$ cat final.txt   # compact mmCIF, C-alpha atoms
# COMPACT_ATOMS: atom_id res chain seq x y z
CA MET A 1 -50.23 12.37 34.67
CA GLU A 2 -53.75 11.32 33.74
CA ARG A 3 -55.57 13.15 30.94
CA LYS A 4 -58.42 15.26 32.31
CA THR A 5 -61.22 13.54 30.38
CA PRO A 6 -64.84 13.69 31.65
CA THR A 7 -64.43 10.11 32.90
CA ASN A 8 -61.33 11.01 34.87
CA ARG A 9 -62.98 14.15 36.25
CA PHE A 10 -65.86 12.02 37.49
CA ARG A 11 -63.40 9.54 38.98
CA ILE A 12 -61.56 12.34 40.80
CA ALA A 13 -64.80 13.84 42.14
CA LEU A 14 -65.99 10.39 43.23
CA ALA A 15 -62.69 9.71 44.99
CA ILE A 16 -62.97 12.99 46.94
CA VAL A 17 -66.57 12.28 47.93
CA LEU A 18 -65.75 8.72 48.98
CA ALA A 19 -62.74 9.89 51.00
CA ILE A 20 -64.91 12.37 52.91
CA LEU A 21 -67.57 9.69 53.44
CA ILE A 22 -64.89 7.36 54.80
CA MET A 23 -63.93 10.03 57.33
CA VAL A 24 -67.53 10.40 58.50
CA VAL A 25 -68.55 6.73 58.41
CA SER A 26 -65.35 5.50 60.10
CA GLN A 27 -66.09 7.69 63.10
CA GLY A 28 -69.63 6.34 63.27
CA VAL A 29 -68.45 2.73 63.03
CA ALA A 30 -65.85 3.35 65.75
CA VAL A 31 -68.66 4.39 68.12
CA LEU A 32 -70.76 1.28 67.39
CA PRO A 33 -69.16 -1.00 70.06
CA TYR A 34 -70.00 1.59 72.73
CA ILE A 35 -73.61 1.80 71.48
CA ILE A 36 -73.96 -1.99 71.32
CA LEU A 37 -72.61 -2.41 74.84
CA ASP A 38 -74.96 0.28 76.08
CA ILE A 39 -77.95 -1.44 74.46
CA ALA A 40 -76.85 -4.72 76.06
CA GLY A 41 -76.91 -3.00 79.44
CA ILE A 42 -73.13 -2.91 79.83
CA THR A 43 -71.99 0.52 80.94
CA MET A 44 -68.60 1.72 79.73
CA ASN A 45 -66.77 4.54 81.42
CA GLU A 46 -66.94 7.69 79.26
CA THR A 47 -63.18 8.12 79.24
CA ALA A 48 -62.61 4.46 78.32
CA ALA A 49 -65.15 4.81 75.52
CA LYS A 50 -63.34 7.89 74.22
CA ILE A 51 -60.03 6.03 74.19
CA MET A 52 -61.63 3.07 72.40
CA VAL A 53 -63.07 5.31 69.70
CA ALA A 54 -59.75 7.16 69.37
CA LEU A 55 -58.03 3.83 68.67
CA LEU A 56 -60.65 2.36 66.34
CA TYR A 57 -61.35 5.50 64.27
CA PRO A 58 -57.93 5.86 62.57
CA ILE A 59 -57.58 2.10 62.08
CA ILE A 60 -60.94 1.81 60.31
CA ALA A 61 -60.27 4.93 58.23
CA TYR A 62 -56.79 3.68 57.27
CA PHE A 63 -57.98 0.32 55.90
CA CYS A 64 -60.85 1.99 54.04
CA ILE A 65 -58.42 4.46 52.44
CA VAL A 66 -56.07 1.62 51.49
CA PHE A 67 -58.98 -0.12 49.75
CA LEU A 68 -60.04 3.11 48.00
CA THR A 69 -56.49 3.85 46.87
CA ARG A 70 -55.44 0.41 45.68
CA LYS A 71 -58.66 -1.15 44.44
CA LEU A 72 -60.73 1.78 43.16
CA LEU A 73 -58.18 4.43 42.19
CA LYS A 74 -55.47 1.91 41.27
CA TYR A 75 -52.87 4.19 42.87
CA ASP A 76 -49.79 3.28 44.82
CA MET A 77 -50.01 4.26 48.51
CA LYS A 78 -47.15 6.74 48.05
CA ASP A 79 -49.41 8.65 45.63
CA VAL A 80 -51.59 9.58 48.61
CA GLY A 81 -48.68 10.36 50.90
CA LEU A 82 -48.64 7.08 52.80
CA THR A 83 -44.96 6.22 52.79
CA GLU A 84 -42.73 4.65 55.40
CA PHE A 85 -43.07 6.59 58.65
CA ARG A 86 -40.35 9.21 58.97
CA ILE A 87 -40.10 12.50 60.84
CA SER A 88 -37.15 14.85 60.47
CA LEU A 89 -35.76 17.30 63.02
CA PRO A 90 -37.02 20.33 61.00
CA ASP A 91 -40.51 18.79 61.14
CA VAL A 92 -40.31 18.56 64.92
CA ILE A 93 -39.02 22.12 65.22
CA LEU A 94 -41.79 23.50 63.00
CA SER A 95 -44.48 21.56 64.88
CA LEU A 96 -43.33 23.15 68.13
CA LEU A 97 -42.56 26.58 66.72
CA LEU A 98 -46.00 27.24 65.23
CA PRO A 99 -48.05 26.92 68.46
CA LEU A 100 -45.23 28.61 70.39
CA MET A 101 -45.32 31.68 68.11
CA VAL A 102 -49.11 31.90 68.27
CA ALA A 103 -49.21 31.43 72.06
CA ALA A 104 -46.47 34.03 72.52
CA CYS A 105 -48.33 36.59 70.40
CA TYR A 106 -51.47 36.16 72.50
CA CYS A 107 -49.88 35.93 75.94
CA LEU A 108 -47.47 38.83 75.35
CA PHE A 109 -49.49 41.25 73.23
CA VAL A 110 -53.21 40.53 73.70
CA PRO A 111 -54.95 41.53 76.97
CA GLY A 112 -55.99 38.52 78.97
CA HIS A 113 -55.34 36.42 82.06
CA PHE A 114 -54.39 32.87 82.92
CA GLN A 115 -57.04 30.64 84.46
CA ILE A 116 -55.92 27.72 86.62
CA LEU A 117 -58.45 25.13 87.76
CA PRO A 118 -58.06 22.11 90.08
CA PHE A 119 -56.10 19.18 88.64
CA ASP A 120 -56.16 15.53 89.72
CA LEU A 121 -55.58 12.03 88.38
CA ASP A 122 -59.08 11.74 86.94
CA ILE A 123 -58.62 14.94 84.96
CA ALA A 124 -55.18 13.74 83.80
CA VAL A 125 -56.73 10.53 82.43
CA ARG A 126 -59.49 12.49 80.69
CA LEU A 127 -56.91 14.83 79.19
CA PHE A 128 -54.98 11.83 77.90
CA ALA A 129 -58.15 10.50 76.28
CA SER A 130 -58.75 13.89 74.66
CA MET A 131 -55.17 13.96 73.41
CA LEU A 132 -55.60 10.55 71.78
CA SER A 133 -58.89 11.62 70.25
CA THR A 134 -58.29 15.19 69.07
CA GLY A 135 -54.52 15.28 69.00
CA VAL A 136 -53.79 11.93 67.36
CA ALA A 137 -56.85 10.22 65.86
CA VAL A 138 -58.56 13.27 64.35
CA ALA A 139 -55.26 14.73 63.09
CA PHE A 140 -54.24 11.43 61.46
CA VAL A 141 -57.56 10.83 59.72
CA GLU A 142 -57.84 14.42 58.48
CA GLU A 143 -54.29 14.27 57.08
CA LEU A 144 -55.04 10.90 55.50
CA ILE A 145 -58.14 12.32 53.81
CA PHE A 146 -57.21 15.90 52.91
CA ARG A 147 -53.41 15.88 52.46
CA GLY A 148 -53.43 12.24 51.43
CA VAL A 149 -56.23 11.27 49.07
CA ILE A 150 -57.66 14.68 48.11
CA VAL A 151 -54.30 16.38 47.51
CA GLY A 152 -53.05 13.24 45.75
CA VAL A 153 -55.90 12.91 43.26
CA LEU A 154 -56.08 16.66 42.58
CA GLU A 155 -52.34 16.90 41.90
CA ARG A 156 -52.54 13.93 39.57
CA ALA A 157 -55.55 15.38 37.74
CA SER A 158 -54.34 18.98 37.61
CA ASN A 159 -51.36 20.54 39.39
CA ARG A 160 -50.03 21.34 42.83
CA VAL A 161 -51.52 24.83 43.01
CA VAL A 162 -55.03 23.49 42.37
CA ALA A 163 -54.43 20.64 44.82
CA VAL A 164 -53.35 23.02 47.60
CA ILE A 165 -56.15 25.56 47.07
CA VAL A 166 -59.06 23.16 46.58
CA SER A 167 -58.07 20.75 49.36
CA SER A 168 -57.52 23.63 51.80
CA LEU A 169 -60.91 25.19 51.02
CA LEU A 170 -62.62 21.82 51.42
CA PHE A 171 -60.75 21.33 54.69
CA ALA A 172 -62.04 24.70 55.91
CA VAL A 173 -65.63 24.41 54.71
CA LEU A 174 -66.13 20.91 56.10
CA HIS A 175 -65.12 22.15 59.55
CA LEU A 176 -68.14 24.46 59.45
CA VAL A 177 -70.80 22.09 58.08
CA THR A 178 -72.65 21.64 61.38
CA THR A 179 -72.21 25.21 62.65
CA ASP A 180 -74.58 28.17 62.52
CA TYR A 181 -72.04 30.98 62.70
CA SER A 182 -72.66 34.46 61.36
CA ILE A 183 -71.34 35.29 57.90
CA ALA A 184 -68.44 37.29 59.39
CA ASP A 185 -67.45 34.47 61.77
CA SER A 186 -67.71 31.91 58.97
CA ILE A 187 -65.46 33.96 56.68
CA LEU A 188 -62.85 34.34 59.41
CA ALA A 189 -62.98 30.61 60.16
CA ILE A 190 -62.65 29.64 56.50
CA LEU A 191 -59.69 31.98 55.99
CA GLY A 192 -57.97 30.73 59.15
CA ILE A 193 -58.55 27.01 58.63
CA ALA A 194 -57.67 27.29 54.94
CA SER A 195 -54.37 28.99 55.84
CA ILE A 196 -53.58 26.02 58.07
CA GLY A 197 -54.57 23.67 55.26
CA VAL A 198 -52.25 25.44 52.83
CA LEU A 199 -49.26 25.00 55.14
CA LEU A 200 -50.07 21.34 55.76
CA SER A 201 -50.46 20.72 52.00
CA LEU A 202 -47.12 22.38 51.26
CA LEU A 203 -45.48 20.16 53.89
CA ARG A 204 -47.01 17.15 52.15
CA PHE A 205 -45.36 18.18 48.87
CA LYS A 206 -42.07 19.11 50.46
CA THR A 207 -41.62 15.81 52.25
CA GLY A 208 -43.56 13.53 49.91
CA SER A 209 -45.68 12.11 52.72
CA ILE A 210 -48.39 13.02 55.21
CA TRP A 211 -46.23 12.36 58.27
CA SER A 212 -44.83 15.88 58.60
CA SER A 213 -48.25 17.49 58.22
CA PHE A 214 -49.65 14.94 60.68
CA LEU A 215 -47.05 15.88 63.28
CA VAL A 216 -47.75 19.61 62.89
CA HIS A 217 -51.52 18.97 63.03
CA CYS A 218 -51.19 16.66 66.03
CA VAL A 219 -49.09 19.08 68.09
CA TRP A 220 -51.30 22.04 67.15
CA ASN A 221 -54.49 20.26 68.24
CA THR A 222 -52.88 19.01 71.43
CA VAL A 223 -51.55 22.42 72.48
CA PHE A 224 -54.65 24.50 71.81
CA THR A 225 -57.32 22.04 72.91
CA ILE A 226 -55.57 20.44 75.89
CA LEU A 227 -52.36 22.11 77.09
CA LEU A 228 -53.08 25.81 76.61
CA PRO A 229 -56.48 26.68 75.13
CA ILE A 230 -56.76 30.37 74.23
CA SER A 231 -60.28 31.77 74.05
CA THR A 232 -62.79 34.20 75.54
CA GLU A 233 -64.37 31.39 77.59
CA THR A 234 -63.77 31.46 81.34
CA GLU A 235 -64.72 27.89 82.23
CA ASP A 236 -64.01 24.41 81.00
CA SER A 237 -64.96 21.09 82.55
CA ILE A 238 -61.68 19.34 81.78
CA VAL A 239 -58.82 21.71 80.83
CA PRO A 240 -57.12 23.00 84.00
CA PHE A 241 -54.98 25.70 82.39
CA ARG A 242 -55.95 28.29 79.77
CA TYR A 243 -55.40 31.86 78.64
CA VAL A 244 -58.64 33.84 78.71
CA LEU A 245 -58.79 36.77 76.30
CA ASP A 246 -60.08 40.08 77.63
CA THR A 247 -61.10 41.38 74.21
CA ASP A 248 -64.12 40.88 71.96
CA ASN A 249 -62.33 41.94 68.78
CA LYS A 250 -63.17 39.12 66.36
CA LEU A 251 -60.03 39.70 64.31
CA ILE A 252 -58.08 38.75 67.44
CA THR A 253 -60.37 36.11 68.96
CA GLY A 254 -61.31 34.50 65.65
CA GLY A 255 -65.01 34.90 66.41
CA SER A 256 -67.21 31.90 67.19
CA TYR A 257 -64.74 29.31 65.85
CA GLY A 258 -61.85 30.46 68.02
CA ILE A 259 -58.29 31.60 67.46
CA GLU A 260 -57.83 29.50 64.32
CA GLY A 261 -59.95 32.14 62.60
CA SER A 262 -57.86 35.03 63.92
CA VAL A 263 -55.62 37.38 61.98
CA ILE A 264 -52.72 36.24 64.19
CA VAL A 265 -53.03 32.63 63.04
CA ILE A 266 -53.67 33.62 59.41
CA VAL A 267 -50.55 35.82 59.30
CA ILE A 268 -48.25 33.32 61.04
CA PHE A 269 -49.35 30.37 58.92
CA GLY A 270 -49.30 32.55 55.81
CA LEU A 271 -45.69 33.62 56.42
CA CYS A 272 -44.60 30.06 57.17
CA SER A 273 -46.37 28.84 54.02
CA LEU A 274 -44.55 31.48 51.97
CA ILE A 275 -41.19 30.33 53.33
CA ILE A 276 -41.96 26.65 52.64
CA SER A 277 -43.30 27.50 49.17
CA LYS A 278 -40.10 29.34 48.25
CA LYS A 279 -38.02 26.45 49.58
CA LEU A 280 -40.14 24.00 47.59
CA THR A 281 -39.72 26.08 44.43
CA GLY A 282 -35.99 26.27 45.02
CA ASP A 283 -35.74 22.51 45.49
CA GLN A 284 -37.64 21.91 42.22
CA ALA A 285 -35.45 24.38 40.34
CA GLY A 286 -32.32 22.62 41.60
CA GLN A 287 -33.41 19.21 40.38
$ encode --input "final.txt" --output "structure tokens"
Amino acid sequence: MERKTPTNRFRIALAIVLAILIMVVSQGVAVLPYIILDIAGITMNETAAKIMVALLYPIIAYFCIVFLTRKLLKYDMKDVGLTEFRISLPDVILSLLLPLMVAACYCLFVPGHFQILPFDLDIAVRLFASMLSTGVAVAFVEELIFRGVIVGVLERASNRVVAVIVSSLLFAVLHLVTTDYSIADSILAILGIASIGVLLSLLRFKTGSIWSSFLVHCVWNTVFTILLPISTETEDSIVPFRYVLDTDNKLITGGSYGIEGSVIVIVIFGLCSLIISKKLTGDQAGQ
């Protein structure tokens, strides 16, 4: 482990800042072809453009992170959770169980109704584009940045507890940078998103890579943004099926951010994190 000298502290802080900048800049660069074509008078279908960006964004971010890790940090890629791709059956079960438990709690115990809108091939293609964008590209890049680089450098500079807490808080706060929520809504959102970040970080330590956390993140985003959104909104231009909440209780709805800031999500992710943490501690004790 590196000694925590002022130079190393600066290096760690710089690595975190650069990783976050890579996340932002990569998305901007991925949009450039669409902008250039538009300036040249070539019109690209909105759905096609979304798919293009969803493909370019993670590729650009990946190569930038590889450069940051190998050339600037002088780390091995496994130090930031980028190992050979592998997903275990427990990972798959957990990725499905989390959204299933949350959806069941809402649909069975929270007043609301299902909304079904017309569905056709055009909507199916747009949903696929959204799945690639939010479900795959965004989930991969966020795992690469937060559970990869940020968790990796913080663990190396300090310990796992600090890595989990700091990376999860950063993960939560950065989701709210461009919002203007009330203080109450912001607190709920930070608590909810941070609880998700804690679970994802623990998965990173348990498996030694970002692939498990990526799968959980990917499935979560796909379910609650595309397959079964749960919110107080009654209309959506693309999602044909949703559960509309008939309550304004912010502890249940999550306030302005949505159900990820709800007590239901915080409790479920908190309990799952506790189970994984105990398993992780047991595994370390047995070594």
$ closest_residue --input "final.txt" --among "A:Leu55, A:Val29, A:Cys64, A:Ile42" --to "Ile145 in chain A" --atoms "all atoms listed in the file"
A:Cys64
$ residues_around --input "final.txt" --residues "Gly258 in chain A" --least-positions-apart "6" --cutoff "10 Å" --atoms "all atoms listed in the file" --output "JSON, numbers by chain"
{"A": [185, 188, 189, 192, 229, 230, 231, 232, 233, 250, 252]}
$ closest_residue --input "final.txt" --among "A:Val92, A:Val80, A:Ile275, A:Val24" --to "Pro58 in chain A" --atoms "all atoms listed in the file"
A:Val24
$ atom_distance --input "final.txt" --atom1 "CA of Val53 in chain A" --atom2 "CA of Ser209 in chain A"
25.2 Å
$ residues_near_point --input "final.txt" --point "(-49.7, 35.0, 76.6)" --cutoff "12 Å" --atoms "all atoms listed in the file" --output "PDB file with C-alpha atoms, in the coordinates of the input"
ATOM      1  CA  PRO A  99     -48.050  26.920  68.460  1.00  0.00           C
ATOM      2  CA  LEU A 100     -45.230  28.610  70.390  1.00  0.00           C
ATOM      3  CA  MET A 101     -45.320  31.680  68.110  1.00  0.00           C
ATOM      4  CA  VAL A 102     -49.110  31.900  68.270  1.00  0.00           C
ATOM      5  CA  ALA A 103     -49.210  31.430  72.060  1.00  0.00           C
ATOM      6  CA  ALA A 104     -46.470  34.030  72.520  1.00  0.00           C
ATOM      7  CA  CYS A 105     -48.330  36.590  70.400  1.00  0.00           C
ATOM      8  CA  TYR A 106     -51.470  36.160  72.500  1.00  0.00           C
ATOM      9  CA  CYS A 107     -49.880  35.930  75.940  1.00  0.00           C
ATOM     10  CA  LEU A 108     -47.470  38.830  75.350  1.00  0.00           C
ATOM     11  CA  PHE A 109     -49.490  41.250  73.230  1.00  0.00           C
ATOM     12  CA  VAL A 110     -53.210  40.530  73.700  1.00  0.00           C
ATOM     13  CA  PRO A 111     -54.950  41.530  76.970  1.00  0.00           C
ATOM     14  CA  GLY A 112     -55.990  38.520  78.970  1.00  0.00           C
ATOM     15  CA  HIS A 113     -55.340  36.420  82.060  1.00  0.00           C
ATOM     16  CA  PHE A 114     -54.390  32.870  82.920  1.00  0.00           C
ATOM     17  CA  GLN A 115     -57.040  30.640  84.460  1.00  0.00           C
ATOM     18  CA  LEU A 228     -53.080  25.810  76.610  1.00  0.00           C
ATOM     19  CA  PRO A 229     -56.480  26.680  75.130  1.00  0.00           C
ATOM     20  CA  ILE A 230     -56.760  30.370  74.230  1.00  0.00           C
ATOM     21  CA  SER A 231     -60.280  31.770  74.050  1.00  0.00           C
ATOM     22  CA  ARG A 242     -55.950  28.290  79.770  1.00  0.00           C
ATOM     23  CA  TYR A 243     -55.400  31.860  78.640  1.00  0.00           C
ATOM     24  CA  VAL A 244     -58.640  33.840  78.710  1.00  0.00           C
ATOM     25  CA  LEU A 245     -58.790  36.770  76.300  1.00  0.00           C
ATOM     26  CA  ASP A 246     -60.080  40.080  77.630  1.00  0.00           C
TER      27      ASP A 246
END
$ axis_aligned_box --input "final.txt" --around "range 57-63 of chain A" --padding-each-side "8 Å" --output "AutoDock Vina command-line options"
--center_x -59.1 --center_y 3.1 --center_z 60.1 --size_x 20.6 --size_y 21.5 --size_z 24.4
$ residues_around --input "final.txt" --residues "Leu154 in chain A" --least-positions-apart "4" --cutoff "9 Å" --atoms "all atoms listed in the file" --output "list in words"
Ile12, Ile16, Val149, Ile150, Ser158, Asn159, Arg160, Val162, Ala163, Val164, Val166 and Ser167 of chain A
$ residues_around --input "final.txt" --residues "Pro90 in chain A" --least-positions-apart "2" --cutoff "12 Å" --atoms "only C-alpha atoms" --output "list in words"
Arg86, Ile87, Ser88, Val92, Ile93, Leu94, Ser95, Leu96, Leu97, Leu203, Lys206, Thr207, Ser212, Ser213, Leu215, Val216 and Ile276 of chain A
$ atom_distance --input "final.txt" --atom1 "CA of Ile165 in chain A" --atom2 "CA of Ile190 in chain A"
12.2 Å
$ atom_distance --input "final.txt" --atom1 "CA of Thr83 in chain A" --atom2 "CA of Thr222 in chain A"
24.0 Å
$ closest_residue --input "final.txt" --among "A:Val151, A:Ile65, A:Leu251, A:Val263" --to "Ile210 in chain A" --atoms "all atoms listed in the file"
A:Val151
$ closest_residue --input "final.txt" --among "A:Ser26, A:Thr47, A:Ser201, A:Ser133" --to "Ser168 in chain A" --atoms "only C-alpha atoms"
A:Ser201
$ build_atoms --input "final.txt" --residues "range 237-254 of chain A" --atoms "N, CA and C atoms" --output "PDB file, in the coordinates of the input"
ATOM      1  N   SER A 237     -64.756  22.194  81.616  1.00  0.00           N
ATOM      2  CA  SER A 237     -64.960  21.090  82.550  1.00  0.00           C
ATOM      3  C   SER A 237     -63.756  20.172  82.671  1.00  0.00           C
ATOM      4  N   ILE A 238     -62.780  20.296  81.774  1.00  0.00           N
ATOM      5  CA  ILE A 238     -61.680  19.340  81.780  1.00  0.00           C
ATOM      6  C   ILE A 238     -60.307  19.998  81.745  1.00  0.00           C
ATOM      7  N   VAL A 239     -60.143  21.081  80.988  1.00  0.00           N
ATOM      8  CA  VAL A 239     -58.820  21.710  80.830  1.00  0.00           C
ATOM      9  C   VAL A 239     -58.501  22.580  82.043  1.00  0.00           C
ATOM     10  N   PRO A 240     -57.414  22.275  82.756  1.00  0.00           N
ATOM     11  CA  PRO A 240     -57.120  23.000  84.000  1.00  0.00           C
ATOM     12  C   PRO A 240     -56.366  24.315  83.805  1.00  0.00           C
ATOM     13  N   PHE A 241     -55.835  24.533  82.598  1.00  0.00           N
ATOM     14  CA  PHE A 241     -54.980  25.700  82.390  1.00  0.00           C
ATOM     15  C   PHE A 241     -55.303  26.324  81.041  1.00  0.00           C
ATOM     16  N   ARG A 242     -55.603  27.627  81.030  1.00  0.00           N
ATOM     17  CA  ARG A 242     -55.950  28.290  79.770  1.00  0.00           C
ATOM     18  C   ARG A 242     -55.648  29.770  79.855  1.00  0.00           C
ATOM     19  N   TYR A 243     -55.577  30.409  78.693  1.00  0.00           N
ATOM     20  CA  TYR A 243     -55.400  31.860  78.640  1.00  0.00           C
ATOM     21  C   TYR A 243     -56.711  32.453  78.153  1.00  0.00           C
ATOM     22  N   VAL A 244     -57.334  33.260  79.010  1.00  0.00           N
ATOM     23  CA  VAL A 244     -58.640  33.840  78.710  1.00  0.00           C
ATOM     24  C   VAL A 244     -58.444  35.246  78.147  1.00  0.00           C
ATOM     25  N   LEU A 245     -58.946  35.481  76.966  1.00  0.00           N
ATOM     26  CA  LEU A 245     -58.790  36.770  76.300  1.00  0.00           C
ATOM     27  C   LEU A 245     -59.751  37.803  76.870  1.00  0.00           C
ATOM     28  N   ASP A 246     -59.246  38.990  77.116  1.00  0.00           N
ATOM     29  CA  ASP A 246     -60.080  40.080  77.630  1.00  0.00           C
ATOM     30  C   ASP A 246     -60.433  41.061  76.515  1.00  0.00           C
ATOM     31  N   THR A 247     -60.711  40.541  75.346  1.00  0.00           N
ATOM     32  CA  THR A 247     -61.100  41.380  74.210  1.00  0.00           C
ATOM     33  C   THR A 247     -62.186  40.666  73.419  1.00  0.00           C
ATOM     34  N   ASP A 248     -63.062  41.442  72.804  1.00  0.00           N
ATOM     35  CA  ASP A 248     -64.120  40.880  71.960  1.00  0.00           C
ATOM     36  C   ASP A 248     -63.854  41.141  70.481  1.00  0.00           C
ATOM     37  N   ASN A 249     -62.679  41.652  70.163  1.00  0.00           N
ATOM     38  CA  ASN A 249     -62.330  41.940  68.780  1.00  0.00           C
ATOM     39  C   ASN A 249     -62.218  40.618  68.006  1.00  0.00           C
ATOM     40  N   LYS A 250     -63.128  40.397  67.063  1.00  0.00           N
ATOM     41  CA  LYS A 250     -63.170  39.120  66.360  1.00  0.00           C
ATOM     42  C   LYS A 250     -61.933  38.856  65.517  1.00  0.00           C
ATOM     43  N   LEU A 251     -61.257  39.902  65.077  1.00  0.00           N
ATOM     44  CA  LEU A 251     -60.030  39.700  64.310  1.00  0.00           C
ATOM     45  C   LEU A 251     -58.945  39.081  65.185  1.00  0.00           C
ATOM     46  N   ILE A 252     -59.046  39.310  66.488  1.00  0.00           N
ATOM     47  CA  ILE A 252     -58.080  38.750  67.440  1.00  0.00           C
ATOM     48  C   ILE A 252     -58.565  37.422  68.004  1.00  0.00           C
ATOM     49  N   THR A 253     -59.835  37.336  68.350  1.00  0.00           N
ATOM     50  CA  THR A 253     -60.370  36.110  68.960  1.00  0.00           C
ATOM     51  C   THR A 253     -60.699  35.038  67.929  1.00  0.00           C
ATOM     52  N   GLY A 254     -60.914  35.453  66.677  1.00  0.00           N
ATOM     53  CA  GLY A 254     -61.310  34.500  65.650  1.00  0.00           C
ATOM     54  C   GLY A 254     -62.809  34.288  65.589  1.00  0.00           C
TER      55      GLY A 254
END
